[in-house]
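A.B. asks: Dropping a structure here in structure tokens format, bear with me for questions.
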Amino acid sequence: MIDFDVVRVFCGPGGQFGNELGVIRDGSVVPADAGRLEVARELGFSETVFLDDAARGVMDIWTPSMRLPFAGHPCVGTAWLLDAAELVTRSGRVGVRHDGEFTWITARPEWAPTRTLRRYDSAAAVDALEVPPPGAWIYAWAWQDEAAGRVRARAFPGRGDAIDEDEATGAAAIQLTAALGRSLTITQGRGSQIMTDPRPDGWIEVGGRVWQHARR
């Protein structure tokens with residue numbers, strides 16, 4: 001048996017919704033890549049984190065089908081769980097800021113694989129979408145209130161694994177923010193909330209609420 005925490009990341013204002021994340025604090029219990037992939041597949045979360053050095057925030061992120069060098073909701077959730085000031089991903093060092101009920105990370109849009117940002121005319125059109133067949137990683141979005149920077153979005157990883165739709169995706173939100181060049185408040189999936197803010201020199205800050213779901 002492997003001990004792990006489950007947190008919900010990018011929750012709505014009342015703590016509802018959010019994307020579940022599995023965090024294995026002692027990554028040494030699963031040292032091999034093949035074993036980590038198997039555990040991530042068995043747990044079935046959109047991402048699972050293996051901490052290779054919890055004190056320094058060194059993390060290894062896996063989906064049920066592949067390793068990710070960087071991902072947003074795993075970084076936000078792990079930063080909250082560890083009360084970390086910094087994280088170390090395979091893409092680079094991630095700055096962390098804790099602000100009351102919100103946890104923020106700062107990262108670069110090019111750290112994550114490119115998503116297809118697909119704009120729709122209305123939030124209703126995004127809500128009506130069916131899950132597309134595997135292929136491109138699609139971030140479907142529409143303005144809810146363009147003047148206020150409010151966005152409706154859904155995410156379809158297209159990997160052909162167990163995750164047909166991702167409830168809340170920080171990396172895609174970072175890339176959308178970089179493309180639009182402005183701060184956003186994104187409602188994604190069933191009602192998760194993601195906030196973003198462009199920073200100097202191409203960095204993007206992304207944050208939200210995190211709630212601990214369980215320790216298993």
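Letters for chains follow the order of the structure tokens (A, B, ...), residue numbers begin at 1 for each chain, and ligand numbers begin at 1 in the order shown.
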If you count only C-alpha atoms, which residues fall within 12 Å of Thr89 of chain A, apart from same-chain ones fewer than 4 positions away, as a PyMOL selection string?

C.D. replies: chain A and resi 49-53+56-62+67-72+74-75+78-79+93-95+107-108+111-112

A.B. asks: Those residues you just picked out, can you put them in a file as a JSON list (two decimals), in the first residue's frame with C-alpha atoms?

C.D. replies:
[["chain", "number", "residue", "atom", "x", "y", "z"],
["A", 49, "VAL", "CA", 2.69, 13.96, -8.11],
["A", 50, "PHE", "CA", 5.66, 12.02, -6.73],
["A", 51, "LEU", "CA", 7.79, 14.14, -4.41],
["A", 52, "ASP", "CA", 11.46, 13.27, -4.78],
["A", 53, "ASP", "CA", 12.50, 15.84, -2.16],
["A", 56, "ARG", "CA", 12.88, 21.33, -1.51],
["A", 57, "GLY", "CA", 9.60, 20.82, -3.40],
["A", 58, "VAL", "CA", 11.16, 18.58, -6.07],
["A", 59, "MET", "CA", 8.26, 16.98, -7.94],
["A", 60, "ASP", "CA", 7.62, 14.50, -10.74],
["A", 61, "ILE", "CA", 4.20, 14.78, -12.44],
["A", 62, "TRP", "CA", 2.39, 11.91, -14.20],
["A", 67, "ARG", "CA", 5.05, 12.19, -17.57],
["A", 68, "LEU", "CA", 4.57, 15.96, -17.70],
["A", 69, "PRO", "CA", 7.54, 18.30, -17.24],
["A", 70, "PHE", "CA", 5.18, 20.95, -15.84],
["A", 71, "ALA", "CA", 1.49, 21.22, -15.03],
["A", 72, "GLY", "CA", -0.45, 23.96, -13.28],
["A", 74, "PRO", "CA", -0.35, 19.82, -9.59],
["A", 75, "CYS", "CA", 1.96, 22.72, -8.75],
["A", 78, "THR", "CA", 1.43, 20.65, -4.03],
["A", 79, "ALA", "CA", 2.47, 24.19, -3.06],
["A", 93, "ARG", "CA", 11.75, 26.44, -10.69],
["A", 94, "VAL", "CA", 8.23, 27.56, -9.87],
["A", 95, "GLY", "CA", 7.68, 30.56, -7.64],
["A", 107, "ALA", "CA", 5.58, 29.77, -14.44],
["A", 108, "ARG", "CA", 6.25, 30.14, -18.15],
["A", 111, "TRP", "CA", 6.98, 24.91, -20.10],
["A", 112, "ALA", "CA", 3.87, 22.92, -20.97]]

A.B. asks: From a DSSP pass on the backbone, collect the residues of chain A flagged as strand (DSSP E or B) and hand them back as an MDAnalysis selection string.

C.D. replies: chainID A and resid 5:11 19:24 48:53 58:62 67:68 86:88 93:99 102:107 116:119 138:145 150:156 166 184:188 192:198 204:215

A.B. asks: Let me make sure I understand: among A:Arg150, A:Ile105, A:Arg97, A:Arg36, which one has the smallest atom-to-atom distance to Ala123 of chain A if we use only C-alpha atoms?

C.D. replies: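 When distances to Ala123 of chain A are compared using only C-alpha atoms, the smallest one comes from A:Arg150.
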
A.B. asks: May I ask which of the residues A:Glu42, A:Glu101, A:Glu165, A:Asp3 is the closest one to Val29 of chain A, counting only C-alpha atoms?

C.D. replies: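 Using only C-alpha atoms, the shortest distance to Val29 of chain A belongs to A:Asp3.
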
A.B. asks: Do a neighbour search on segment 179-192 of chain A at 8 Å with only C-alpha atoms, toss out local chain neighbours closer than 3 positions, and write the hits as a PyMOL selection string.

C.D. replies: chain A and resi 10-12+16-19+149-155+165-168+173+175-176+195-198

A.B. asks: Would you mind telling me which residue in A:Ile138, A:Ala32, A:Val6, A:Val88 lies nearest to Thr106 of chain A when using only C-alpha atoms?

C.D. replies: A:Val88

A.B. asks: Mind the document's chain letters and residue numbers, and return as a VMD selection string the residues of segment 67-199 of chain A that DSSP labels helix (DSSP H, G or I).

C.D. replies: chain A and resid 72 to 82 109 to 111 123 to 127 170 to 180

A.B. asks: For Ala40 of chain A, which residue out of A:Ala162, A:Leu87, A:Pro133, A:Val210 is the nearest one, using only C-alpha atoms?

C.D. replies: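 The closest residue to Ala40 of chain A is A:Ala162.
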
A.B. asks: Hey, which of A:Asp121, A:Asp201, A:Asp127, A:Glu47 ends up closest to Val23 of chain A? Count only C-alpha atoms.

C.D. replies: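 Closest to Val23 of chain A of all the choices is A:Glu47.
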
A.B. asks: Rank A:Arg159, A:Ile204, A:His98, A:Thr116 by their smallest atom-to-atom distance to Pro64 of chain A, using only C-alpha atoms, and report the top residue only.

C.D. replies: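 For Pro64 of chain A, the nearest of the given residues is A:Arg159.
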
A.B. asks: In Å, with one decimal, what is the gap from atom CA of Ile174 of chain A to atom CA of Val206 of chain A?

C.D. replies: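 Between atom CA of Ile174 of chain A and atom CA of Val206 of chain A the gap works out to 6.7 Å.
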
A.B. asks: Would you mind reading off the distance between atom CA of Leu117 of chain A and atom CA of Ala136 of chain A, one decimal, in Å?

C.D. replies: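 So the answer is 10.2 Å.
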
A.B. asks: How many Å separate atom CA of Arg199 of chain A from atom CA of Arg118 of chain A?

C.D. replies: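 Atom CA of Arg118 of chain A lies at a distance of 23.6 Å from atom CA of Arg199 of chain A.
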